[in-house]
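Scroll down for the structure; my scribbles are underneath it.
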Amino acid sequence: MKVLVTDPIADAGLDRLRDAGHEVETDYEAEGDALLAAVSDANALIVRSGTDVNEAVFEAADDLVIVGRAGIGVDNIDIEAATDHGVIVANAPDGNVRAAAEHTVAMTFAVARSIPQAHGRLVDGEWAKGEFLGTEVNNKTLTIVGLGRVGQEVAKRLDSLGMDLVVYDPYISEERADRLGAELIDDLHDALAAGDFATIHTPLLPETEGMISEDELAQLEGGYLINCARGGIVDEPALAEAVDDGVLAGAALDSFAEEPLPADSPLLDVEKVVVTPHLGASTEAAQENVAVDTAEAVLSAFNDEPVLTALNAPSVDETAFPRIEPYIDVAETAGKVAAQLLDGRITEVEATYEGDIAAEDVELVTASALKGVFEPLEWQVNAVNAPRLAEERGIEVTESKTRQTEDFQSLIRVTVHNGDDSIAVEGTLFAGEDARIVRIDGFRVDAVPYGHMLVARNTDEPGVIGLIGTVLGDHDVNIAGMFNARETQGGEALTVYNLDQDVPDVALEELLGDDRIVEVTEITLDGADGRTAE
């Protein structure tokens, strides 16, 4: 097999491929037409962030089996195009975890003890010993925002140095936090208020962009903020102002919304802000690790073995795939709807298969259900990494099958739990591949899962459906379809509306102003978040 490498990686990775008998060609200048020519006969392509792996690359590479990214970020790879062309995309998410964690700890000490500032003054000829009074981490509280792989490694290291740990992560289980000796706090403001130091370890998602701004920084009054995760999570002008005004004692950042950091960034004007040029993964060991991990992913793909770090759908047996393929979207949609209808932190996900589908290998279908549950919460979650995300967050996943089913040839039920409550969403196929949601929390419906949806719970009284239709109409929201169910006459009812537009917040507030309406949840099935009002 031929492996094309277009960005420099450690020799350990290249040697691993050569030792396995494969041809390795390096071309670090290839771009544009030269890249298309170079990749035309390649079976694998290994890149870092410097190569734009777009659709044209996949169209030019008929023999390409896998693209390996020697690192975590894959912004430069068109994963959808890769999937369309049957190409695996794999990254190396674990190779630099230790390096990133250690850099976070180093930045914590740097800002707490003013190390860069004191160094600068000394090399300028000033012995400014009396001007720097540091802060010890012993007996201080560390707030960890995001308890993923790096966050957990930081927790272990700073816990051993005498820090008390609190965690804010809406998608981590209390059990997982307990294992690390950390207190789980549900509210971000409360978590920040509890800390003397706060470190950020979340991915950059629409819901995390700008999540640490003026109000959040005020909760950390007198403390230190460290961000070695992703730029854009912290409002940089607000942070610079907070440190400059003395709201915070200091801050340390290794990643920024715009990189390289512009010369006019307000962060550069504040002495108590420590900045480094995205060095979190810049260690010899980390670079060797990601190179070897990427090489191992390529070898697994060549050997038709599972690629554990793949970021797109795995291959399945070609004879079985046509039978399960239609149910992949059903499971994902059911998971997505269930997760958005349940309040609180998810602790367990159940996937139940009834009827003909129970005779199939449904591992990929269950993974797709998890993808639906996690999709609003994780960057680039998919059927490959969703099970691992569940494991990392301490979320129990169960799968059950029965060949018996009451009403349908095949039925998929996805149930999500938050410890106290649960909600189940059931889906099936009508007339071949016509996906339908047929039950929500036990209510029988017949909902077409697409576009914008509104799920309303209300008392079963005359005029409620008319009220909802009127309010939506008054706000120029057109109803494309409606599916109503009730427990008993005069009891609780549930209605699903398919809509042509999203619902304005003011309309949701107006609906909830009526005592007959218990809850309304807006759901969109294009990857955006649902919103619940109650």
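Convention: chains lettered A, B, ... in structure tokens order; per-chain residue numbering from 1; ligands numbered from 1 as shown.
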Practice problem: Would you mind listing what lies within 7 Å of stretch 226-241 of chain A as an MDAnalysis selection string, with only C-alpha atoms counted and same-chain residues fewer than 3 positions away left out? | Solution: chainID A and resid 104 107:108 198:204 208:214 244:245 251:257 266:267 270 280
Exercise. Taking the chain letters and numbering used in this document, name the residues of stretch 24-122 of chain A that DSSP puts in alpha helix (DSSP H), as a PyMOL selection string.
Key: chain A and resi 33-39+55-60+79-84+97-112+115-122
For C-alpha atoms, I'd like the residues from the last selection saved as a short mmCIF file (atom, residue, chain, number, x, y, z; two decimals), in the first residue's frame.
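Now in result_10.cif:
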```
data_model
loop_
_atom_site.label_atom_id
_atom_site.label_comp_id
_atom_site.auth_asym_id
_atom_site.auth_seq_id
_atom_site.Cartn_x
_atom_site.Cartn_y
_atom_site.Cartn_z
CA ASP A 33 -3.10 20.45 -8.43
CA ALA A 34 0.19 19.02 -7.15
CA LEU A 35 -1.62 17.53 -4.17
CA LEU A 36 -4.31 16.05 -6.39
CA ALA A 37 -1.65 14.44 -8.56
CA ALA A 38 0.29 13.10 -5.58
CA VAL A 39 -2.77 11.54 -3.91
CA GLU A 55 -13.78 17.09 -1.73
CA ALA A 56 -11.48 17.52 -4.71
CA VAL A 57 -8.86 15.44 -2.93
CA PHE A 58 -11.30 12.57 -2.42
CA GLU A 59 -12.49 12.79 -6.02
CA ALA A 60 -8.89 12.55 -7.23
CA ILE A 79 -15.43 14.49 6.74
CA GLU A 80 -18.74 14.47 4.86
CA ALA A 81 -16.92 14.19 1.53
CA ALA A 82 -14.75 11.44 2.99
CA THR A 83 -17.81 9.47 4.04
CA ASP A 84 -19.44 9.97 0.65
CA VAL A 97 -3.55 14.43 26.32
CA ARG A 98 -0.70 14.24 28.83
CA ALA A 99 1.13 17.10 27.14
CA ALA A 100 -1.97 19.30 27.16
CA ALA A 101 -2.64 18.49 30.82
CA GLU A 102 0.93 19.25 31.83
CA HIS A 103 0.87 22.56 29.96
CA THR A 104 -2.31 23.48 31.80
CA VAL A 105 -0.61 22.76 35.12
CA ALA A 106 2.47 24.73 34.02
CA MET A 107 0.28 27.70 33.05
CA THR A 108 -1.48 27.48 36.42
CA PHE A 109 1.82 27.86 38.25
CA ALA A 110 3.08 30.47 35.80
CA VAL A 111 0.15 32.80 36.45
CA ALA A 112 -0.08 32.04 40.18
CA ILE A 115 6.91 33.54 36.56
CA PRO A 116 6.94 35.06 33.05
CA GLN A 117 6.61 38.59 34.39
CA ALA A 118 9.40 38.15 36.94
CA HIS A 119 11.64 36.59 34.29
CA GLY A 120 11.06 39.50 31.94
CA ARG A 121 11.89 42.04 34.59
CA LEU A 122 15.04 40.21 35.58
#
```
What lies within 10 Å of stretch 390-403 of chain A using only C-alpha atoms, ignoring chain neighbours under 4 positions off, as a compact mmCIF listing (two decimals) with all heavy atoms, in the first residue's frame?
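This went into around-v3.txt:
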```
# COMPACT_ATOMS: atom_id res chain seq x y z
N LEU A 147 -14.98 17.86 31.96
CA LEU A 147 -14.19 16.77 32.53
C LEU A 147 -13.97 15.67 31.49
O LEU A 147 -14.28 14.51 31.72
CB LEU A 147 -14.86 16.21 33.78
CG LEU A 147 -13.98 15.39 34.72
CD1 LEU A 147 -12.86 16.24 35.30
CD2 LEU A 147 -14.82 14.77 35.84
N GLY A 148 -13.43 16.06 30.33
CA GLY A 148 -13.03 15.08 29.33
C GLY A 148 -11.67 14.50 29.66
O GLY A 148 -11.21 14.55 30.81
N ARG A 149 -10.99 13.98 28.63
CA ARG A 149 -9.71 13.32 28.87
C ARG A 149 -8.69 14.27 29.50
O ARG A 149 -8.02 13.93 30.47
CB ARG A 149 -9.17 12.73 27.57
CG ARG A 149 -9.95 11.53 27.08
CD ARG A 149 -9.31 10.94 25.84
NE ARG A 149 -9.34 11.85 24.70
CZ ARG A 149 -10.35 11.91 23.84
NH1 ARG A 149 -11.40 11.14 24.00
NH2 ARG A 149 -10.32 12.74 22.83
N GLN A 152 -9.68 15.41 33.08
CA GLN A 152 -9.45 14.39 34.08
C GLN A 152 -7.97 14.29 34.45
O GLN A 152 -7.62 14.09 35.63
CB GLN A 152 -9.96 13.05 33.57
CG GLN A 152 -11.48 12.99 33.47
CD GLN A 152 -11.97 11.65 32.98
OE1 GLN A 152 -11.38 10.61 33.28
NE2 GLN A 152 -13.06 11.65 32.23
N ASP A 169 -19.77 20.09 34.32
CA ASP A 169 -19.87 19.39 33.05
C ASP A 169 -21.26 18.78 32.98
O ASP A 169 -21.55 17.81 33.68
CB ASP A 169 -18.80 18.29 32.93
CG ASP A 169 -18.74 17.67 31.54
OD1 ASP A 169 -19.81 17.61 30.89
OD2 ASP A 169 -17.66 17.24 31.10
N PRO A 170 -22.16 19.34 32.17
CA PRO A 170 -23.55 18.87 32.14
C PRO A 170 -23.69 17.43 31.68
O PRO A 170 -24.76 16.84 31.84
CB PRO A 170 -24.23 19.82 31.15
CG PRO A 170 -23.35 21.02 31.07
CD PRO A 170 -21.97 20.50 31.28
N TYR A 171 -22.63 16.87 31.11
CA TYR A 171 -22.77 15.55 30.50
C TYR A 171 -21.86 14.51 31.13
O TYR A 171 -21.61 13.47 30.53
CB TYR A 171 -22.51 15.68 28.99
CG TYR A 171 -23.23 16.86 28.41
CD1 TYR A 171 -22.54 17.94 27.88
CD2 TYR A 171 -24.62 16.91 28.44
CE1 TYR A 171 -23.22 19.03 27.38
CE2 TYR A 171 -25.30 18.00 27.93
CZ TYR A 171 -24.60 19.06 27.41
OH TYR A 171 -25.28 20.14 26.91
N ILE A 172 -21.40 14.78 32.34
CA ILE A 172 -20.59 13.81 33.05
C ILE A 172 -21.40 13.26 34.21
O ILE A 172 -22.24 13.97 34.78
CB ILE A 172 -19.26 14.46 33.56
CG1 ILE A 172 -18.20 13.38 33.80
CG2 ILE A 172 -19.51 15.24 34.83
CD1 ILE A 172 -17.52 12.95 32.55
N SER A 173 -21.23 12.03 34.55
CA SER A 173 -22.00 11.44 35.64
C SER A 173 -21.37 11.81 36.98
O SER A 173 -20.16 12.06 37.09
CB SER A 173 -22.05 9.92 35.50
OG SER A 173 -20.79 9.35 35.78
N GLU A 174 -22.22 11.81 38.01
CA GLU A 174 -21.73 12.10 39.35
C GLU A 174 -20.74 11.02 39.80
O GLU A 174 -19.77 11.31 40.50
CB GLU A 174 -22.90 12.19 40.33
CG GLU A 174 -22.51 12.69 41.70
CD GLU A 174 -23.72 13.05 42.55
OE1 GLU A 174 -24.84 13.11 41.99
OE2 GLU A 174 -23.53 13.28 43.75
N GLU A 175 -20.98 9.79 39.36
CA GLU A 175 -20.08 8.69 39.72
C GLU A 175 -18.68 8.94 39.17
O GLU A 175 -17.69 8.71 39.86
CB GLU A 175 -20.63 7.38 39.17
CG GLU A 175 -19.74 6.18 39.47
CD GLU A 175 -20.26 4.91 38.83
OE1 GLU A 175 -21.28 4.98 38.12
OE2 GLU A 175 -19.64 3.85 39.03
N ARG A 176 -18.58 9.42 37.91
CA ARG A 176 -17.27 9.67 37.33
C ARG A 176 -16.56 10.80 38.09
O ARG A 176 -15.35 10.73 38.33
CB ARG A 176 -17.42 10.03 35.85
CG ARG A 176 -16.11 10.32 35.13
CD ARG A 176 -15.09 9.20 35.29
NE ARG A 176 -15.59 7.92 34.83
CZ ARG A 176 -15.40 7.47 33.60
NH1 ARG A 176 -14.74 8.19 32.73
NH2 ARG A 176 -15.85 6.29 33.26
N ALA A 177 -17.30 11.84 38.46
CA ALA A 177 -16.69 12.91 39.24
C ALA A 177 -16.21 12.40 40.60
O ALA A 177 -15.13 12.76 41.08
CB ALA A 177 -17.69 14.06 39.41
N ARG A 345 -29.06 15.86 33.69
CA ARG A 345 -27.89 15.16 33.18
C ARG A 345 -28.25 13.72 32.84
O ARG A 345 -28.85 13.00 33.65
CB ARG A 345 -26.79 15.19 34.23
CG ARG A 345 -25.52 14.49 33.84
CD ARG A 345 -24.49 14.57 34.93
NE ARG A 345 -24.08 15.95 35.13
CZ ARG A 345 -24.46 16.69 36.17
NH1 ARG A 345 -25.27 16.18 37.08
NH2 ARG A 345 -24.07 17.93 36.30
N ILE A 346 -27.92 13.28 31.66
CA ILE A 346 -28.22 11.92 31.24
C ILE A 346 -27.29 10.94 31.95
O ILE A 346 -26.07 11.11 31.95
CB ILE A 346 -28.11 11.78 29.72
CG1 ILE A 346 -29.20 12.62 29.04
CG2 ILE A 346 -28.22 10.32 29.29
CD1 ILE A 346 -29.08 12.69 27.54
N THR A 347 -27.88 9.92 32.57
CA THR A 347 -27.09 8.92 33.29
C THR A 347 -27.14 7.55 32.62
O THR A 347 -26.28 6.71 32.89
CB THR A 347 -27.60 8.77 34.73
OG1 THR A 347 -28.99 8.39 34.69
CG2 THR A 347 -27.47 10.08 35.49
N GLU A 348 -28.15 7.31 31.79
CA GLU A 348 -28.30 6.00 31.17
C GLU A 348 -29.04 6.13 29.85
O GLU A 348 -29.94 6.98 29.71
CB GLU A 348 -29.06 5.06 32.11
CG GLU A 348 -29.24 3.65 31.58
CD GLU A 348 -30.04 2.78 32.53
OE1 GLU A 348 -30.36 3.24 33.65
OE2 GLU A 348 -30.37 1.64 32.13
N VAL A 349 -28.66 5.30 28.90
CA VAL A 349 -29.35 5.24 27.60
C VAL A 349 -29.67 3.77 27.32
O VAL A 349 -28.79 2.91 27.41
CB VAL A 349 -28.49 5.82 26.47
CG1 VAL A 349 -29.24 5.70 25.13
CG2 VAL A 349 -28.14 7.28 26.73
N GLU A 350 -30.93 3.50 27.00
CA GLU A 350 -31.35 2.15 26.65
C GLU A 350 -31.79 2.13 25.18
O GLU A 350 -32.54 3.01 24.75
CB GLU A 350 -32.53 1.69 27.50
CG GLU A 350 -32.29 1.60 28.98
CD GLU A 350 -33.55 1.19 29.70
OE1 GLU A 350 -33.97 0.02 29.56
OE2 GLU A 350 -34.13 2.06 30.38
N ALA A 351 -31.35 1.13 24.46
CA ALA A 351 -31.82 0.90 23.09
C ALA A 351 -32.50 -0.46 23.05
O ALA A 351 -31.88 -1.48 23.39
CB ALA A 351 -30.66 0.94 22.11
N THR A 352 -33.78 -0.47 22.66
CA THR A 352 -34.56 -1.70 22.64
C THR A 352 -35.03 -1.96 21.21
O THR A 352 -35.52 -1.05 20.53
CB THR A 352 -35.78 -1.59 23.57
OG1 THR A 352 -35.34 -1.25 24.89
CG2 THR A 352 -36.56 -2.89 23.61
N TYR A 353 -34.88 -3.20 20.78
CA TYR A 353 -35.25 -3.59 19.42
C TYR A 353 -36.32 -4.67 19.47
O TYR A 353 -36.17 -5.68 20.18
CB TYR A 353 -34.02 -4.11 18.67
CG TYR A 353 -32.92 -3.07 18.58
CD1 TYR A 353 -31.93 -3.01 19.57
CD2 TYR A 353 -32.89 -2.15 17.55
CE1 TYR A 353 -30.94 -2.04 19.51
CE2 TYR A 353 -31.90 -1.18 17.48
CZ TYR A 353 -30.93 -1.13 18.47
OH TYR A 353 -29.94 -0.18 18.42
N GLU A 354 -37.40 -4.44 18.73
CA GLU A 354 -38.50 -5.39 18.70
C GLU A 354 -38.79 -5.78 17.25
O GLU A 354 -38.70 -4.95 16.35
CB GLU A 354 -39.76 -4.79 19.34
CG GLU A 354 -39.60 -4.44 20.82
CD GLU A 354 -40.87 -3.87 21.42
OE1 GLU A 354 -41.88 -3.77 20.68
OE2 GLU A 354 -40.86 -3.52 22.61
N GLY A 355 -39.17 -7.04 17.05
CA GLY A 355 -39.55 -7.49 15.72
C GLY A 355 -38.36 -7.94 14.90
O GLY A 355 -37.35 -8.42 15.42
N ASP A 356 -38.47 -7.77 13.57
CA ASP A 356 -37.45 -8.28 12.66
C ASP A 356 -36.07 -7.68 12.91
O ASP A 356 -35.05 -8.35 12.76
CB ASP A 356 -37.86 -7.98 11.20
CG ASP A 356 -39.05 -8.82 10.76
OD1 ASP A 356 -39.43 -9.74 11.51
OD2 ASP A 356 -39.60 -8.54 9.68
N ILE A 357 -36.02 -6.42 13.30
CA ILE A 357 -34.73 -5.75 13.51
C ILE A 357 -33.95 -6.43 14.63
O ILE A 357 -32.72 -6.39 14.67
CB ILE A 357 -34.92 -4.25 13.81
CG1 ILE A 357 -33.58 -3.52 13.89
CG2 ILE A 357 -35.70 -4.04 15.10
CD1 ILE A 357 -32.82 -3.48 12.59
N ALA A 358 -34.65 -7.11 15.54
CA ALA A 358 -33.98 -7.78 16.66
C ALA A 358 -33.11 -8.94 16.21
O ALA A 358 -32.25 -9.41 16.96
CB ALA A 358 -35.00 -8.25 17.68
N ALA A 359 -33.32 -9.43 14.99
CA ALA A 359 -32.52 -10.54 14.48
C ALA A 359 -31.20 -10.08 13.88
O ALA A 359 -30.36 -10.90 13.52
CB ALA A 359 -33.32 -11.31 13.43
N GLU A 360 -31.00 -8.78 13.77
CA GLU A 360 -29.82 -8.25 13.10
C GLU A 360 -28.74 -7.86 14.10
O GLU A 360 -28.98 -7.72 15.30
CB GLU A 360 -30.21 -7.02 12.26
CG GLU A 360 -31.30 -7.26 11.24
CD GLU A 360 -30.86 -8.19 10.13
OE1 GLU A 360 -29.64 -8.39 9.95
OE2 GLU A 360 -31.74 -8.73 9.44
N VAL A 362 -27.08 -5.11 15.60
CA VAL A 362 -27.53 -3.72 15.73
C VAL A 362 -26.51 -2.84 16.45
O VAL A 362 -26.85 -1.74 16.90
CB VAL A 362 -28.88 -3.65 16.47
CG1 VAL A 362 -29.97 -4.28 15.63
CG2 VAL A 362 -28.79 -4.31 17.84
N GLU A 363 -25.27 -3.28 16.53
CA GLU A 363 -24.26 -2.47 17.22
C GLU A 363 -24.14 -1.09 16.61
O GLU A 363 -24.09 -0.08 17.32
CB GLU A 363 -22.90 -3.18 17.18
CG GLU A 363 -21.81 -2.43 17.93
CD GLU A 363 -20.48 -3.16 17.90
OE1 GLU A 363 -20.40 -4.23 17.25
OE2 GLU A 363 -19.52 -2.66 18.51
N THR A 366 -27.28 0.98 17.54
CA THR A 366 -27.20 1.51 18.90
C THR A 366 -26.22 2.67 18.98
O THR A 366 -26.50 3.69 19.64
CB THR A 366 -26.76 0.40 19.88
OG1 THR A 366 -27.72 -0.65 19.85
CG2 THR A 366 -26.63 0.93 21.29
N ALA A 367 -25.09 2.54 18.30
CA ALA A 367 -24.13 3.65 18.28
C ALA A 367 -24.75 4.88 17.65
O ALA A 367 -24.48 6.02 18.07
CB ALA A 367 -22.88 3.23 17.52
N LEU A 370 -26.88 6.60 20.18
CA LEU A 370 -26.03 7.40 21.07
C LEU A 370 -25.58 8.67 20.38
O LEU A 370 -25.49 9.74 21.01
CB LEU A 370 -24.82 6.58 21.51
CG LEU A 370 -25.10 5.38 22.41
CD1 LEU A 370 -23.82 4.61 22.66
CD2 LEU A 370 -25.72 5.83 23.72
N LYS A 371 -25.28 8.58 19.10
CA LYS A 371 -24.91 9.77 18.34
C LYS A 371 -26.02 10.81 18.43
O LYS A 371 -25.77 12.00 18.64
CB LYS A 371 -24.64 9.41 16.89
CG LYS A 371 -24.32 10.60 15.98
CD LYS A 371 -24.06 10.11 14.56
CE LYS A 371 -23.65 11.28 13.64
NZ LYS A 371 -24.77 12.21 13.40
N VAL A 373 -28.24 11.12 20.79
CA VAL A 373 -28.31 11.64 22.16
C VAL A 373 -27.23 12.69 22.41
O VAL A 373 -27.46 13.73 23.00
CB VAL A 373 -28.17 10.48 23.17
CG1 VAL A 373 -28.00 11.01 24.60
CG2 VAL A 373 -29.38 9.56 23.10
N PHE A 374 -26.02 12.41 21.91
CA PHE A 374 -24.87 13.27 22.23
C PHE A 374 -24.62 14.38 21.22
O PHE A 374 -23.84 15.29 21.50
CB PHE A 374 -23.59 12.43 22.32
CG PHE A 374 -23.59 11.43 23.42
CD1 PHE A 374 -23.04 10.16 23.24
CD2 PHE A 374 -24.13 11.72 24.66
CE1 PHE A 374 -23.04 9.22 24.25
CE2 PHE A 374 -24.13 10.80 25.68
CZ PHE A 374 -23.59 9.54 25.47
N ASN A 385 -17.44 7.11 17.66
CA ASN A 385 -16.94 7.58 18.95
C ASN A 385 -18.02 7.78 20.00
O ASN A 385 -17.71 8.02 21.16
CB ASN A 385 -16.12 8.87 18.79
CG ASN A 385 -16.92 10.00 18.16
OD1 ASN A 385 -18.14 10.00 18.19
ND2 ASN A 385 -16.21 10.96 17.58
N ALA A 386 -19.32 7.68 19.63
CA ALA A 386 -20.38 7.87 20.62
C ALA A 386 -20.31 6.87 21.77
O ALA A 386 -20.47 7.26 22.94
CB ALA A 386 -21.75 7.83 19.93
N GLN A 409 -43.71 -4.22 12.30
CA GLN A 409 -42.80 -5.27 11.87
C GLN A 409 -41.47 -5.15 12.60
O GLN A 409 -40.86 -6.14 12.98
CB GLN A 409 -42.59 -5.20 10.36
CG GLN A 409 -41.74 -6.33 9.80
CD GLN A 409 -41.68 -6.31 8.29
OE1 GLN A 409 -42.40 -5.55 7.64
NE2 GLN A 409 -40.83 -7.13 7.73
N SER A 410 -41.01 -3.91 12.78
CA SER A 410 -39.81 -3.62 13.56
C SER A 410 -40.02 -2.32 14.31
O SER A 410 -40.69 -1.41 13.81
CB SER A 410 -38.58 -3.49 12.65
OG SER A 410 -38.20 -4.73 12.10
N LEU A 411 -39.47 -2.25 15.51
CA LEU A 411 -39.61 -1.06 16.34
C LEU A 411 -38.31 -0.82 17.09
O LEU A 411 -37.69 -1.76 17.60
CB LEU A 411 -40.76 -1.24 17.33
CG LEU A 411 -41.06 -0.03 18.23
CD1 LEU A 411 -41.81 1.03 17.44
CD2 LEU A 411 -41.88 -0.46 19.45
N ILE A 412 -37.91 0.44 17.16
CA ILE A 412 -36.73 0.84 17.95
C ILE A 412 -37.20 1.80 19.03
O ILE A 412 -37.89 2.78 18.74
CB ILE A 412 -35.66 1.51 17.06
CG1 ILE A 412 -35.12 0.52 16.03
CG2 ILE A 412 -34.53 2.05 17.93
CD1 ILE A 412 -34.16 1.14 15.06
N ARG A 413 -36.79 1.53 20.27
CA ARG A 413 -37.12 2.41 21.38
C ARG A 413 -35.82 2.91 22.02
O ARG A 413 -34.96 2.10 22.40
CB ARG A 413 -37.95 1.68 22.43
CG ARG A 413 -38.34 2.55 23.64
CD ARG A 413 -39.06 1.73 24.71
NE ARG A 413 -40.18 0.99 24.14
CZ ARG A 413 -40.20 -0.34 24.03
NH1 ARG A 413 -39.18 -1.07 24.45
NH2 ARG A 413 -41.25 -0.94 23.50
N VAL A 414 -35.68 4.22 22.12
CA VAL A 414 -34.52 4.81 22.79
C VAL A 414 -35.02 5.50 24.05
O VAL A 414 -35.87 6.40 23.99
CB VAL A 414 -33.79 5.82 21.89
CG1 VAL A 414 -32.61 6.45 22.64
CG2 VAL A 414 -33.31 5.14 20.62
N THR A 415 -34.52 5.05 25.19
CA THR A 415 -34.92 5.60 26.49
C THR A 415 -33.72 6.25 27.14
O THR A 415 -32.65 5.64 27.24
CB THR A 415 -35.46 4.49 27.41
OG1 THR A 415 -36.49 3.75 26.73
CG2 THR A 415 -36.03 5.09 28.69
N VAL A 416 -33.89 7.48 27.59
CA VAL A 416 -32.82 8.19 28.28
C VAL A 416 -33.26 8.46 29.72
O VAL A 416 -34.43 8.74 29.99
CB VAL A 416 -32.44 9.51 27.57
CG1 VAL A 416 -31.79 9.23 26.24
CG2 VAL A 416 -33.65 10.41 27.39
N HIS A 417 -32.31 8.33 30.65
CA HIS A 417 -32.57 8.51 32.08
C HIS A 417 -31.70 9.63 32.61
O HIS A 417 -30.57 9.82 32.15
CB HIS A 417 -32.24 7.23 32.85
CG HIS A 417 -33.00 6.02 32.40
ND1 HIS A 417 -34.06 5.50 33.10
CD2 HIS A 417 -32.84 5.21 31.32
CE1 HIS A 417 -34.52 4.43 32.47
NE2 HIS A 417 -33.79 4.22 31.39
N ASN A 418 -32.19 10.32 33.62
CA ASN A 418 -31.37 11.33 34.29
C ASN A 418 -31.18 11.02 35.77
O ASN A 418 -30.82 11.89 36.56
CB ASN A 418 -31.98 12.73 34.13
CG ASN A 418 -33.33 12.88 34.81
OD1 ASN A 418 -33.79 11.98 35.52
ND2 ASN A 418 -33.99 14.01 34.59
```
Quiz item: atom CA of A:Phe443 to atom CA of A:Asp505: how many Å, to one decimal?
Solution: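 A separation of 25.8 Å between them.
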Exercise. Quick one: everything within 12 Å of A:Leu525, counting only C-alpha atoms, minus sequence neighbours fewer than 5 positions away in the same chain. Send it as a ChimeraX atom specification.
Key: /A:329-330,332-340,372-373,375-376,448-454,498-499,502,530
Any chance you could export the current selection's C-alpha atoms as a short mmCIF file (atom, residue, chain, number, x, y, z; two decimals), in the first residue's frame?
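selection.cif, written as the output of this step:
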```cif
data_model
loop_
_atom_site.label_atom_id
_atom_site.label_comp_id
_atom_site.auth_asym_id
_atom_site.auth_seq_id
_atom_site.Cartn_x
_atom_site.Cartn_y
_atom_site.Cartn_z
CA ASP A 329 -31.52 7.31 10.99
CA VAL A 330 -34.57 6.14 12.97
CA GLU A 332 -30.40 8.57 15.71
CA THR A 333 -33.55 10.69 15.46
CA ALA A 334 -35.19 8.90 18.38
CA GLY A 335 -32.08 9.52 20.49
CA LYS A 336 -31.96 13.16 19.47
CA VAL A 337 -35.63 13.74 20.32
CA ALA A 338 -35.43 11.86 23.64
CA ALA A 339 -32.35 13.74 24.82
CA GLN A 340 -33.92 17.11 24.06
CA GLY A 372 -28.38 11.30 18.38
CA VAL A 373 -28.31 11.64 22.16
CA GLU A 375 -24.87 15.23 18.98
CA PRO A 376 -25.80 18.62 20.49
CA VAL A 448 -42.75 12.63 10.68
CA PRO A 449 -39.28 13.35 12.11
CA TYR A 450 -37.95 16.23 10.05
CA GLY A 451 -37.24 19.95 10.30
CA HIS A 452 -38.72 21.92 13.17
CA MET A 453 -40.92 20.18 15.72
CA LEU A 454 -42.80 21.37 18.77
CA ASN A 498 -44.28 19.67 12.46
CA LEU A 499 -43.49 23.31 11.67
CA ASP A 502 -38.63 27.77 14.33
CA GLY A 530 -33.87 22.09 21.30
#
```
Practice problem: One decimal, Å: what's the distance from atom CA of A:Phe483 over to atom CA of A:Arg516, could you say? | Solution: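 Taking atom CA of A:Phe483 and atom CA of A:Arg516, their separation equals 18.1 Å.
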Self-check item: Gap from atom CA of A:Gln287 to atom CA of A:Ile9 - Å, one decimal
Solution: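 Separation of atom CA of A:Gln287 and atom CA of A:Ile9: 7.1 Å.
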Quiz prompt | Who sits within 8 Å of A:Ile66, only C-alpha atoms, same chain under 3 positions skipped, as an MDAnalysis selection string | solution = chainID A and resid 43:45 87:90 298 301
Quiz item: Could you write out, as a ChimeraX atom specification, all the residues of stretch 382-475 of chain A that DSSP marks as strand (DSSP E or B)?
Solution: /A:396-402,410-417,422-430,434-440,443-447,452-459
Would you write out those residues with C-alpha atoms, as a CSV table (one decimal), in the first residue's frame?
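out-v2.csv, freshly written:
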```csv
chain,number,residue,atom,x,y,z
A,396,GLU,CA,-24.6,3.3,31.2
A,397,VAL,CA,-25.7,2.0,27.8
A,398,THR,CA,-27.9,-1.1,27.6
A,399,GLU,CA,-29.2,-2.9,24.6
A,400,SER,CA,-32.1,-5.4,24.5
A,401,LYS,CA,-33.9,-7.4,21.9
A,402,THR,CA,-37.2,-9.3,21.5
A,410,SER,CA,-39.8,-3.6,13.6
A,411,LEU,CA,-39.6,-1.1,16.3
A,412,ILE,CA,-36.7,0.8,17.9
A,413,ARG,CA,-37.1,2.4,21.4
A,414,VAL,CA,-34.5,4.8,22.8
A,415,THR,CA,-34.9,5.6,26.5
A,416,VAL,CA,-32.8,8.2,28.3
A,417,HIS,CA,-32.6,8.5,32.1
A,422,SER,CA,-36.7,8.9,32.0
A,423,ILE,CA,-38.3,9.4,28.6
A,424,ALA,CA,-38.7,6.9,25.8
A,425,VAL,CA,-39.1,7.7,22.1
A,426,GLU,CA,-40.1,4.9,19.7
A,427,GLY,CA,-39.6,4.9,15.9
A,428,THR,CA,-40.2,2.6,13.0
A,429,LEU,CA,-40.4,2.6,9.2
A,430,PHE,CA,-43.6,2.8,7.2
A,434,ASP,CA,-40.6,6.2,5.6
A,435,ALA,CA,-39.3,7.0,9.1
A,436,ARG,CA,-41.9,7.8,11.8
A,437,ILE,CA,-41.9,8.5,15.5
A,438,VAL,CA,-44.8,6.4,16.8
A,439,ARG,CA,-44.6,6.9,20.6
A,440,ILE,CA,-43.2,9.6,22.9
A,443,PHE,CA,-48.2,8.6,24.1
A,444,ARG,CA,-49.1,7.1,20.7
A,445,VAL,CA,-48.3,9.5,17.9
A,446,ASP,CA,-47.6,9.4,14.2
A,447,ALA,CA,-45.0,12.1,13.7
A,452,HIS,CA,-38.7,21.9,13.2
A,453,MET,CA,-40.9,20.2,15.7
A,454,LEU,CA,-42.8,21.4,18.8
A,455,VAL,CA,-43.8,18.9,21.5
A,456,ALA,CA,-46.5,20.2,23.8
A,457,ARG,CA,-47.8,18.6,27.1
A,458,ASN,CA,-51.1,20.0,28.3
A,459,THR,CA,-54.2,19.1,30.1
```
